[in-house]
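Structure data (mmCIF, C-alpha atoms) from coords-v4.cif:
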```cif
data_model
#
loop_
_atom_site.label_atom_id
_atom_site.label_comp_id
_atom_site.auth_asym_id
_atom_site.auth_seq_id
_atom_site.Cartn_x
_atom_site.Cartn_y
_atom_site.Cartn_z
CA MET A 167 -53.65 -9.50 2.56
CA LYS A 168 -50.33 -10.35 4.19
CA PHE A 169 -47.01 -9.04 3.00
CA GLY A 170 -43.65 -10.47 3.93
CA PHE A 171 -40.39 -11.98 2.77
CA ALA A 172 -39.89 -15.68 2.30
CA PRO A 173 -37.23 -17.13 4.63
CA LEU A 174 -34.73 -17.48 1.76
CA ALA A 175 -35.24 -13.86 0.69
CA LEU A 176 -34.70 -12.67 4.25
CA ALA A 177 -31.52 -14.68 4.50
CA LEU A 178 -30.19 -13.20 1.27
CA LEU A 179 -31.10 -9.68 2.39
CA TYR A 180 -29.16 -9.90 5.65
CA ALA A 181 -26.25 -11.76 4.04
CA THR A 182 -25.64 -9.03 1.47
CA PRO A 183 -22.77 -6.80 2.70
CA ALA A 184 -23.26 -3.07 2.76
CA ALA A 185 -21.34 -1.11 0.17
CA ALA A 186 -17.90 -0.16 1.44
CA ALA A 187 -17.67 3.43 2.60
CA PRO A 188 -15.33 5.59 0.51
CA ILE A 189 -11.82 5.99 1.87
CA THR A 190 -11.01 9.48 3.11
CA VAL A 191 -7.78 10.60 1.43
CA ALA A 192 -6.22 13.55 3.26
CA TRP A 193 -3.62 15.85 1.77
CA ARG A 194 -1.78 18.81 3.29
CA ASP A 195 -1.13 22.11 1.59
CA LYS A 196 2.36 21.75 0.10
CA PRO A 197 2.94 23.46 -3.25
CA PRO A 198 3.79 22.30 -5.83
CA TYR A 199 2.98 18.74 -4.66
CA HIS A 200 -0.63 19.40 -3.60
CA TYR A 201 -2.22 22.78 -2.93
CA THR A 202 -5.15 25.12 -3.54
CA ASP A 203 -4.84 28.14 -5.83
CA ASP A 204 -7.82 30.52 -6.05
CA GLY A 205 -10.09 27.72 -4.85
CA GLU A 206 -8.77 25.23 -7.40
CA GLU A 207 -7.04 22.07 -6.21
CA LYS A 208 -3.70 21.62 -7.96
CA GLY A 209 -0.37 19.81 -7.72
CA PHE A 210 1.45 17.10 -9.64
CA LEU A 211 1.37 14.63 -6.74
CA LEU A 212 -2.31 15.31 -5.97
CA GLU A 213 -3.15 14.60 -9.60
CA ARG A 214 -1.08 11.43 -9.54
CA ALA A 215 -2.73 10.22 -6.33
CA GLN A 216 -6.20 10.81 -7.80
CA GLN A 217 -5.16 8.78 -10.85
CA VAL A 218 -3.89 5.98 -8.59
CA PHE A 219 -7.14 5.69 -6.61
CA ALA A 220 -9.17 5.80 -9.83
CA ALA A 221 -6.99 3.14 -11.50
CA ALA A 222 -7.26 0.97 -8.38
CA GLY A 223 -11.06 1.23 -8.41
CA VAL A 224 -11.07 2.40 -4.80
CA ASP A 225 -13.96 4.69 -3.88
CA ASN A 226 -12.54 7.79 -2.24
CA ARG A 227 -13.12 11.29 -0.88
CA PHE A 228 -10.15 13.68 -1.04
CA VAL A 229 -9.96 16.30 1.74
CA THR A 230 -7.44 18.94 2.84
CA GLU A 231 -6.10 18.74 6.41
CA PRO A 232 -3.05 20.12 8.26
CA ALA A 233 -0.11 17.76 8.71
CA LYS A 234 -0.47 17.58 12.49
CA ARG A 235 -4.16 16.68 12.24
CA ILE A 236 -3.43 13.97 9.68
CA TRP A 237 -0.98 12.22 11.99
CA ALA A 238 -3.23 12.79 15.01
CA ASN A 239 -5.90 10.92 13.04
CA PHE A 240 -3.52 8.03 12.39
CA HIS A 241 -2.46 7.93 16.04
CA GLY A 242 -6.11 8.01 17.08
CA GLY A 243 -6.92 5.04 14.86
CA LYS A 244 -9.25 6.87 12.48
CA PRO A 245 -10.73 4.14 10.25
CA ASN A 246 -10.92 3.99 6.47
CA TYR A 247 -8.34 6.76 6.16
CA CYS A 248 -5.35 7.43 3.90
CA SER A 249 -3.03 10.36 3.25
CA ILE A 250 -0.67 11.02 0.37
CA GLY A 251 2.95 12.09 -0.07
CA TRP A 252 4.65 10.89 3.13
CA TYR A 253 8.09 9.53 3.92
CA ARG A 254 8.05 6.00 5.31
CA LEU A 255 9.57 6.28 8.80
CA PRO A 256 9.68 3.70 11.63
CA GLU A 257 7.59 5.83 14.02
CA ARG A 258 4.93 6.27 11.34
CA GLU A 259 4.84 2.56 10.54
CA ARG A 260 3.67 1.96 14.10
CA VAL A 261 0.35 3.70 13.34
CA ALA A 262 -0.08 3.34 9.56
CA GLN A 263 0.66 1.05 6.63
CA PHE A 264 2.41 2.31 3.52
CA SER A 265 2.00 1.81 -0.20
CA ALA A 266 4.79 1.25 -2.66
CA PRO A 267 6.72 4.46 -3.49
CA PHE A 268 4.99 6.80 -5.91
CA HIS A 269 7.47 9.68 -5.95
CA LEU A 270 11.23 10.03 -5.40
CA ASP A 271 12.44 13.34 -3.99
CA PRO A 272 15.79 14.82 -4.97
CA PRO A 273 18.09 15.52 -2.00
CA HIS A 274 17.10 18.41 0.26
CA THR A 275 18.82 21.75 -0.12
CA ILE A 276 19.69 24.52 2.32
CA LEU A 277 18.08 27.97 2.14
CA ILE A 278 20.11 30.74 3.81
CA ALA A 279 18.93 34.02 5.31
CA PRO A 280 20.43 37.13 3.63
CA GLY A 281 22.42 38.04 6.74
CA ALA A 282 23.89 34.57 7.28
CA VAL A 283 25.22 33.68 3.82
CA ALA A 284 28.91 34.10 4.67
CA GLN A 285 28.64 32.18 7.96
CA VAL A 286 26.82 29.23 6.36
CA ARG A 287 29.06 29.07 3.30
CA ALA A 288 32.11 29.05 5.57
CA HIS A 289 31.24 25.42 6.34
CA ALA A 290 32.45 22.83 3.83
CA THR A 291 30.03 20.12 4.96
CA LEU A 292 26.53 19.74 6.34
CA ALA A 293 27.95 18.06 9.44
CA SER A 294 30.10 21.10 10.11
CA LEU A 295 27.16 23.47 9.59
CA LEU A 296 24.97 21.61 12.06
CA GLY A 297 27.76 21.78 14.64
CA ASP A 298 27.84 25.59 14.61
CA MET A 299 26.23 26.82 17.84
CA HIS A 300 26.24 30.41 16.58
CA LEU A 301 23.74 29.70 13.78
CA THR A 302 19.99 29.20 14.12
CA ILE A 303 18.10 26.57 12.17
CA GLY A 304 14.43 27.07 11.31
CA ILE A 305 12.34 23.89 11.69
CA VAL A 306 8.80 23.36 10.41
CA ASP A 307 7.13 21.50 13.26
CA GLY A 308 4.97 18.45 12.57
CA VAL A 309 6.86 17.24 9.50
CA SER A 310 9.98 15.15 8.90
CA TYR A 311 13.00 15.91 6.76
CA GLY A 312 13.78 12.18 6.65
CA ALA A 313 15.27 9.97 9.36
CA ASP A 314 18.89 10.90 8.53
CA ILE A 315 18.37 14.67 8.58
CA ASP A 316 16.06 14.50 11.62
CA ALA A 317 18.81 12.66 13.52
CA LEU A 318 21.48 15.16 12.41
CA ILE A 319 19.32 18.05 13.62
CA ALA A 320 18.57 16.31 16.93
CA HIS A 321 22.28 15.80 17.63
CA GLY A 322 23.43 19.14 16.22
CA ALA A 323 24.58 22.23 18.09
CA ASN A 324 22.56 24.88 16.24
CA GLN A 325 20.06 27.04 18.05
CA VAL A 326 16.57 25.94 16.98
CA VAL A 327 13.51 27.97 16.03
CA ARG A 328 10.62 25.51 15.70
CA ARG A 329 7.26 26.75 14.46
CA THR A 330 3.99 25.11 13.41
CA VAL A 331 3.88 26.87 10.06
CA ASP A 332 4.08 25.87 6.42
CA PRO A 333 7.45 26.03 4.61
CA THR A 334 6.48 29.34 3.00
CA ALA A 335 6.14 31.04 6.37
CA MET A 336 9.47 29.60 7.52
CA MET A 337 11.14 30.90 4.35
CA ARG A 338 9.74 34.36 5.08
CA MET A 339 11.08 34.13 8.64
CA LEU A 340 14.52 33.74 7.10
CA THR A 341 14.07 36.95 5.11
CA VAL A 342 13.67 38.93 8.35
CA GLY A 343 16.49 37.18 10.18
CA ARG A 344 14.43 34.99 12.55
CA ALA A 345 16.66 32.03 11.59
CA SER A 346 19.97 31.59 9.76
CA PHE A 347 19.00 28.70 7.49
CA MET A 348 16.52 25.89 6.93
CA PHE A 349 16.23 22.60 5.08
CA LEU A 350 13.98 22.80 2.04
CA ASP A 351 12.59 20.51 -0.65
CA ARG A 352 13.97 21.55 -4.03
CA GLU A 353 10.48 21.29 -5.54
CA ASP A 354 9.26 23.81 -2.94
CA TRP A 355 12.08 26.23 -3.78
CA GLU A 356 11.55 26.03 -7.53
CA TYR A 357 7.88 26.85 -7.00
CA TYR A 358 8.20 29.69 -4.48
CA ARG A 359 11.23 31.51 -5.86
CA GLN A 360 9.27 32.36 -9.00
CA ARG A 361 6.24 33.60 -7.09
CA ASP A 362 7.43 35.33 -3.91
CA ALA A 363 9.54 38.46 -4.40
CA SER A 364 10.44 38.55 -0.69
CA LEU A 365 12.63 35.47 -1.19
CA ARG A 366 14.94 37.05 -3.77
CA ASN A 367 17.62 37.87 -1.20
CA THR A 368 17.72 34.37 0.26
CA VAL A 369 20.38 32.00 -1.10
CA ARG A 370 20.10 28.27 -1.88
CA HIS A 371 23.20 26.21 -1.08
CA ASP A 372 24.11 22.53 -1.42
CA PHE A 373 26.47 20.41 0.66
CA PRO A 374 28.29 17.28 -0.59
CA ASP A 375 27.21 15.18 2.40
CA MET A 376 23.47 15.92 2.14
CA PRO A 377 21.57 12.60 2.55
CA PRO A 378 19.93 11.26 -0.63
CA GLY A 379 16.32 12.05 -1.44
CA LEU A 380 13.58 9.81 -0.07
CA THR A 381 10.55 8.15 -1.59
CA ARG A 382 7.03 9.38 -0.83
CA HIS A 383 4.15 6.99 -0.22
CA ILE A 384 0.43 6.74 0.45
CA ALA A 385 -0.11 6.05 4.16
CA CYS A 386 -3.31 4.26 5.22
CA SER A 387 -4.92 3.31 8.50
CA ARG A 388 -4.42 -0.24 9.74
CA ASP A 389 -8.00 -1.25 8.96
CA VAL A 390 -7.62 -0.66 5.20
CA ALA A 391 -7.76 -4.19 3.80
CA PRO A 392 -4.68 -5.91 2.31
CA ASP A 393 -6.45 -6.34 -1.03
CA VAL A 394 -7.06 -2.57 -1.19
CA MET A 395 -3.39 -1.89 -0.50
CA ALA A 396 -2.45 -4.41 -3.20
CA ARG A 397 -4.76 -2.70 -5.69
CA LEU A 398 -3.22 0.68 -4.84
CA ASN A 399 0.28 -0.73 -5.35
CA ARG A 400 -0.62 -2.20 -8.73
CA ALA A 401 -2.20 1.12 -9.72
CA ILE A 402 0.91 3.04 -8.63
CA ASP A 403 2.97 0.86 -10.93
CA ARG A 404 0.58 1.34 -13.86
CA VAL A 405 0.25 5.10 -13.40
CA SER A 406 4.00 5.54 -13.01
CA LYS A 407 4.77 3.56 -16.15
CA ALA A 408 2.18 5.54 -18.11
CA ARG A 409 3.90 8.86 -17.38
CA PRO A 410 6.04 9.99 -20.34
CA GLY A 411 9.74 9.50 -19.69
CA ALA A 412 9.22 8.31 -16.11
CA SER A 413 10.32 5.11 -14.43
CA ALA A 414 8.13 3.46 -11.79
CA HIS A 415 9.50 5.45 -8.86
CA ALA A 416 11.02 8.49 -10.51
CA GLY A 417 10.22 12.07 -9.72
CA PRO A 418 7.74 14.12 -11.74
CA ALA A 419 8.00 15.38 -15.23
CA ARG A 420 8.26 19.12 -14.55
CA GLN A 421 4.79 20.63 -14.45
CA HIS A 422 5.47 23.86 -12.61
#
```

Can you turn what I pasted into structure tokens?
Amino acid sequence: MKFGFAPLALALLYATPAAAAPITVAWRDKPPYHYTDDGEEKGFLLERAQQVFAAAGVDNRFVTEPAKRIWANFHGGKPNYCSIGWYRLPERERVAQFSAPFHLDPPHTILIAPGAVAQVRAHATLASLLGDMHLTIGIVDGVSYGADIDALIAHGANQVVRRTVDPTAMMRMLTVGRASFMFLDREDWEYYRQRDASLRNTVRHDFPDMPPGLTRHIACSRDVAPDVMARLNRAIDRVSKARPGASAHAGPARQH
């Protein structure tokens, strides 16, 4: 007895496309946006991103990776890859495509080391502060504070301490006088000040010329199809509108 496929059946078999592989969605540890607590994945922006991918009907696999590795993956052309919660900057647009905004940050704030409060507060403006060569700014390497602030830092006169650490570690460096001040997301500060007793002697301070807050996006590799990006954008709009009291691109209802 002979077994085999008819020519038409063979043609249909080879013409049927393989199921699309799930998109890898990377996120960095950044409380309260997205983080792990006692082995449990948490964060208002992580939850929102998961809702967006589900609403878009895009098969996915969420993973945790450091910020530097995420952007090394984009620069290396890693296929079928996205990451959540990033500012849209020209240098990043050269290696990734970006969704519509799905979160709007408030303006950054300044966190001051206990021993530098008087020197920092002596400046009336951010521009003046960044021109003070006697003060040291702590910079978290591998991330951006937004194009405006990055440029101000690059052209400033402060001494710079740059470390590949998370914002928590940089905040703790302030407590022991390793730097005079740092830029900080307000969401980060609200989260950590309630949980880390070592930060109680640091001081948050605002300047009138602080650049406005920026929108955060989902960044995806160049090979992610336009129709997938369109589905993600439509899902962002639906998920944003479904949040109580939130506009399409507003910040989060407080969940922390």

Which residues, written as JSON, numbers by chain, have at least one atom at most 9 Å from segment 266-273 of chain A, with all atoms listed in the file counted and residues fewer than 4 positions away on the same chain left out? {"A": [211, 214, 215, 251, 351, 352, 353, 376, 377, 378, 379, 380, 381, 382, 383, 384, 398, 399, 400, 402, 403, 406, 414, 415, 416, 417, 418]}

Nearest candidate to Phe228 of chain A (options A:Gln325, A:Gln216, A:Ser310, A:Thr275; using only C-alpha atoms):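 Among A:Gln325, A:Gln216, A:Ser310, A:Thr275, it is A:Gln216 that comes nearest to Phe228 of chain A.
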
Quote the spacing between atom CA of Ala279 of chain A and atom CA of Val369 of chain A in Å to one decimal place.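 Here the two named atoms are 6.9 Å from each other.
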
Gap from atom CA of Ser294 of chain A to atom CA of Arg370 of chain A - Å, one decimal: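 According to the coordinates, atom CA of Ser294 of chain A and atom CA of Arg370 of chain A are separated by 17.2 Å.
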
Point out the residue among A:Phe264, A:Pro245, A:Asp203, A:Phe347 with the least atom-to-atom distance to Gln285 of chain A, counting all atoms listed in the file.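 Using all atoms listed in the file, the shortest distance to Gln285 of chain A belongs to A:Phe347.
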
For this file, the PyMOL selection byres ((chain A and resi 345) around 12) selects which residues, as a ChimeraX atom specification? /A:277-283,286,300-306,324-329,335-344,346-349,368

Care to translate the PyMOL selection byres ((chain A and resi 194) around 10) into actual residues of this file, as a PyMOL selection string? chain A and resi 192-193+195-197+199-202+212+229-236+249-251+332

What's the 8 Å shell around segment 239-243 of chain A, counting all atoms listed in the file, without same-chain residues fewer than 3 positions away, as number ranges by chain? A: 235-236, 247, 261-262, 387-388

Neighbour residues at most 9 Å from (26.4, 23.5, 0.2) (all atoms listed in the file) as a ChimeraX atom specification: /A:275-276,286-287,289-292,370-376

Create the file for the chosen residues now, containing C-alpha atoms and written as a PDB file, in the frame of the given file.
```
ATOM      1  CA  THR A 275      18.820  21.750  -0.120  1.00  0.00           C
ATOM      2  CA  ILE A 276      19.690  24.520   2.320  1.00  0.00           C
ATOM      3  CA  VAL A 286      26.820  29.230   6.360  1.00  0.00           C
ATOM      4  CA  ARG A 287      29.060  29.070   3.300  1.00  0.00           C
ATOM      5  CA  HIS A 289      31.240  25.420   6.340  1.00  0.00           C
ATOM      6  CA  ALA A 290      32.450  22.830   3.830  1.00  0.00           C
ATOM      7  CA  THR A 291      30.030  20.120   4.960  1.00  0.00           C
ATOM      8  CA  LEU A 292      26.530  19.740   6.340  1.00  0.00           C
ATOM      9  CA  ARG A 370      20.100  28.270  -1.880  1.00  0.00           C
ATOM     10  CA  HIS A 371      23.200  26.210  -1.080  1.00  0.00           C
ATOM     11  CA  ASP A 372      24.110  22.530  -1.420  1.00  0.00           C
ATOM     12  CA  PHE A 373      26.470  20.410   0.660  1.00  0.00           C
ATOM     13  CA  PRO A 374      28.290  17.280  -0.590  1.00  0.00           C
ATOM     14  CA  ASP A 375      27.210  15.180   2.400  1.00  0.00           C
ATOM     15  CA  MET A 376      23.470  15.920   2.140  1.00  0.00           C
TER      16      MET A 376
END
```

Result set, the PyMOL selection byres ((chain A and resi 221) around 9) on current file, as a ChimeraX atom specification: /A:216-220,222-224,397-398,400-402,404-405

Pick from A:Cys386, A:Ala187, A:Ala363, A:Leu350: nearest to Arg258 of chain A, with only C-alpha atoms counted?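 Of the candidates, the smallest distance to Arg258 of chain A is held by A:Cys386.
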
State, in Å with one decimal place, the distance from atom CA of Asp204 of chain A to atom CA of Thr334 of chain A. 17.0 Å

Could you list, as a PDB file with C-alpha atoms, in the frame of the given file, every residue within 6 Å of Asn226 of chain A, counting all atoms listed in the file and ignoring same-chain residues fewer than 4 positions away?
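Contents of selection_12.pdb, freshly written:
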```pdb
ATOM      1  CA  PRO A 188     -15.330   5.590   0.510  1.00  0.00           C
ATOM      2  CA  ILE A 189     -11.820   5.990   1.870  1.00  0.00           C
ATOM      3  CA  THR A 190     -11.010   9.480   3.110  1.00  0.00           C
TER       4      THR A 190
END
```

Between A:His321, A:Arg227, A:Lys407, A:His274, which is the closest to Ala293 of chain A once you count all atoms listed in the file? A:His321

For segment 331-356 of chain A, which lacks atoms in the input, supply N, CA, C and O atoms and format the output as a PDB file, in the frame of the given file.
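Dumped everything to out-v8.pdb:
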```pdb
ATOM      1  N   VAL A 331       4.215  26.045  11.218  1.00  0.00           N
ATOM      2  CA  VAL A 331       3.880  26.870  10.060  1.00  0.00           C
ATOM      3  C   VAL A 331       4.139  26.046   8.796  1.00  0.00           C
ATOM      4  O   VAL A 331       4.713  24.961   8.862  1.00  0.00           O
ATOM      5  N   ASP A 332       3.731  26.556   7.663  1.00  0.00           N
ATOM      6  CA  ASP A 332       4.080  25.870   6.420  1.00  0.00           C
ATOM      7  C   ASP A 332       5.465  26.343   5.972  1.00  0.00           C
ATOM      8  O   ASP A 332       6.000  27.324   6.497  1.00  0.00           O
ATOM      9  N   PRO A 333       6.098  25.637   5.034  1.00  0.00           N
ATOM     10  CA  PRO A 333       7.450  26.030   4.610  1.00  0.00           C
ATOM     11  C   PRO A 333       7.539  27.461   4.098  1.00  0.00           C
ATOM     12  O   PRO A 333       8.566  28.124   4.278  1.00  0.00           O
ATOM     13  N   THR A 334       6.462  27.971   3.493  1.00  0.00           N
ATOM     14  CA  THR A 334       6.480  29.340   3.000  1.00  0.00           C
ATOM     15  C   THR A 334       6.715  30.332   4.132  1.00  0.00           C
ATOM     16  O   THR A 334       7.526  31.262   4.008  1.00  0.00           O
ATOM     17  N   ALA A 335       5.997  30.136   5.230  1.00  0.00           N
ATOM     18  CA  ALA A 335       6.140  31.040   6.370  1.00  0.00           C
ATOM     19  C   ALA A 335       7.538  30.955   6.967  1.00  0.00           C
ATOM     20  O   ALA A 335       8.118  31.969   7.373  1.00  0.00           O
ATOM     21  N   MET A 336       8.110  29.744   6.997  1.00  0.00           N
ATOM     22  CA  MET A 336       9.470  29.600   7.520  1.00  0.00           C
ATOM     23  C   MET A 336      10.467  30.292   6.602  1.00  0.00           C
ATOM     24  O   MET A 336      11.418  30.938   7.066  1.00  0.00           O
ATOM     25  N   MET A 337      10.266  30.200   5.293  1.00  0.00           N
ATOM     26  CA  MET A 337      11.140  30.900   4.350  1.00  0.00           C
ATOM     27  C   MET A 337      11.087  32.413   4.580  1.00  0.00           C
ATOM     28  O   MET A 337      12.113  33.093   4.547  1.00  0.00           O
ATOM     29  N   ARG A 338       9.887  32.920   4.835  1.00  0.00           N
ATOM     30  CA  ARG A 338       9.740  34.360   5.080  1.00  0.00           C
ATOM     31  C   ARG A 338      10.382  34.754   6.410  1.00  0.00           C
ATOM     32  O   ARG A 338      10.864  35.885   6.552  1.00  0.00           O
ATOM     33  N   MET A 339      10.388  33.850   7.378  1.00  0.00           N
ATOM     34  CA  MET A 339      11.080  34.130   8.640  1.00  0.00           C
ATOM     35  C   MET A 339      12.572  34.309   8.409  1.00  0.00           C
ATOM     36  O   MET A 339      13.226  35.110   9.077  1.00  0.00           O
ATOM     37  N   LEU A 340      13.108  33.556   7.442  1.00  0.00           N
ATOM     38  CA  LEU A 340      14.520  33.740   7.100  1.00  0.00           C
ATOM     39  C   LEU A 340      14.765  35.137   6.546  1.00  0.00           C
ATOM     40  O   LEU A 340      15.804  35.747   6.841  1.00  0.00           O
ATOM     41  N   THR A 341      13.849  35.646   5.750  1.00  0.00           N
ATOM     42  CA  THR A 341      14.070  36.950   5.110  1.00  0.00           C
ATOM     43  C   THR A 341      14.169  38.081   6.125  1.00  0.00           C
ATOM     44  O   THR A 341      14.754  39.122   5.829  1.00  0.00           O
ATOM     45  N   VAL A 342      13.607  37.889   7.318  1.00  0.00           N
ATOM     46  CA  VAL A 342      13.670  38.930   8.350  1.00  0.00           C
ATOM     47  C   VAL A 342      14.623  38.548   9.474  1.00  0.00           C
ATOM     48  O   VAL A 342      14.611  39.157  10.549  1.00  0.00           O
ATOM     49  N   GLY A 343      15.435  37.527   9.245  1.00  0.00           N
ATOM     50  CA  GLY A 343      16.490  37.180  10.180  1.00  0.00           C
ATOM     51  C   GLY A 343      16.059  36.413  11.412  1.00  0.00           C
ATOM     52  O   GLY A 343      16.813  36.336  12.396  1.00  0.00           O
ATOM     53  N   ARG A 344      14.876  35.777  11.389  1.00  0.00           N
ATOM     54  CA  ARG A 344      14.430  34.990  12.550  1.00  0.00           C
ATOM     55  C   ARG A 344      15.209  33.681  12.671  1.00  0.00           C
ATOM     56  O   ARG A 344      15.214  33.062  13.729  1.00  0.00           O
ATOM     57  N   ALA A 345      15.822  33.227  11.589  1.00  0.00           N
ATOM     58  CA  ALA A 345      16.660  32.030  11.590  1.00  0.00           C
ATOM     59  C   ALA A 345      17.759  32.228  10.557  1.00  0.00           C
ATOM     60  O   ALA A 345      17.644  33.075   9.658  1.00  0.00           O
ATOM     61  N   SER A 346      18.835  31.454  10.681  1.00  0.00           N
ATOM     62  CA  SER A 346      19.970  31.590   9.760  1.00  0.00           C
ATOM     63  C   SER A 346      19.780  30.765   8.495  1.00  0.00           C
ATOM     64  O   SER A 346      20.183  31.192   7.404  1.00  0.00           O
ATOM     65  N   PHE A 347      19.182  29.586   8.643  1.00  0.00           N
ATOM     66  CA  PHE A 347      19.000  28.700   7.490  1.00  0.00           C
ATOM     67  C   PHE A 347      17.918  27.685   7.800  1.00  0.00           C
ATOM     68  O   PHE A 347      17.476  27.532   8.952  1.00  0.00           O
ATOM     69  N   MET A 348      17.506  26.956   6.769  1.00  0.00           N
ATOM     70  CA  MET A 348      16.520  25.890   6.930  1.00  0.00           C
ATOM     71  C   MET A 348      16.749  24.842   5.855  1.00  0.00           C
ATOM     72  O   MET A 348      17.364  25.114   4.814  1.00  0.00           O
ATOM     73  N   PHE A 349      16.275  23.628   6.113  1.00  0.00           N
ATOM     74  CA  PHE A 349      16.230  22.600   5.080  1.00  0.00           C
ATOM     75  C   PHE A 349      14.985  22.832   4.235  1.00  0.00           C
ATOM     76  O   PHE A 349      13.940  23.271   4.742  1.00  0.00           O
ATOM     77  N   LEU A 350      15.086  22.504   2.945  1.00  0.00           N
ATOM     78  CA  LEU A 350      13.980  22.800   2.040  1.00  0.00           C
ATOM     79  C   LEU A 350      13.959  21.770   0.910  1.00  0.00           C
ATOM     80  O   LEU A 350      15.008  21.376   0.389  1.00  0.00           O
ATOM     81  N   ASP A 351      12.750  21.339   0.549  1.00  0.00           N
ATOM     82  CA  ASP A 351      12.590  20.510  -0.650  1.00  0.00           C
ATOM     83  C   ASP A 351      12.901  21.360  -1.879  1.00  0.00           C
ATOM     84  O   ASP A 351      12.436  22.505  -1.985  1.00  0.00           O
ATOM     85  N   ARG A 352      13.643  20.803  -2.811  1.00  0.00           N
ATOM     86  CA  ARG A 352      13.970  21.550  -4.030  1.00  0.00           C
ATOM     87  C   ARG A 352      12.720  21.912  -4.828  1.00  0.00           C
ATOM     88  O   ARG A 352      12.656  22.971  -5.461  1.00  0.00           O
ATOM     89  N   GLU A 353      11.732  21.001  -4.834  1.00  0.00           N
ATOM     90  CA  GLU A 353      10.480  21.290  -5.540  1.00  0.00           C
ATOM     91  C   GLU A 353       9.813  22.535  -4.948  1.00  0.00           C
ATOM     92  O   GLU A 353       9.282  23.375  -5.677  1.00  0.00           O
ATOM     93  N   ASP A 354       9.836  22.642  -3.604  1.00  0.00           N
ATOM     94  CA  ASP A 354       9.260  23.810  -2.940  1.00  0.00           C
ATOM     95  C   ASP A 354       9.964  25.096  -3.408  1.00  0.00           C
ATOM     96  O   ASP A 354       9.338  26.101  -3.727  1.00  0.00           O
ATOM     97  N   TRP A 355      11.299  25.034  -3.415  1.00  0.00           N
ATOM     98  CA  TRP A 355      12.080  26.230  -3.780  1.00  0.00           C
ATOM     99  C   TRP A 355      11.809  26.646  -5.214  1.00  0.00           C
ATOM    100  O   TRP A 355      11.611  27.841  -5.503  1.00  0.00           O
ATOM    101  N   GLU A 356      11.790  25.695  -6.130  1.00  0.00           N
ATOM    102  CA  GLU A 356      11.550  26.030  -7.530  1.00  0.00           C
ATOM    103  C   GLU A 356      10.193  26.697  -7.710  1.00  0.00           C
ATOM    104  O   GLU A 356      10.024  27.602  -8.535  1.00  0.00           O
TER     105      GLU A 356
END
```
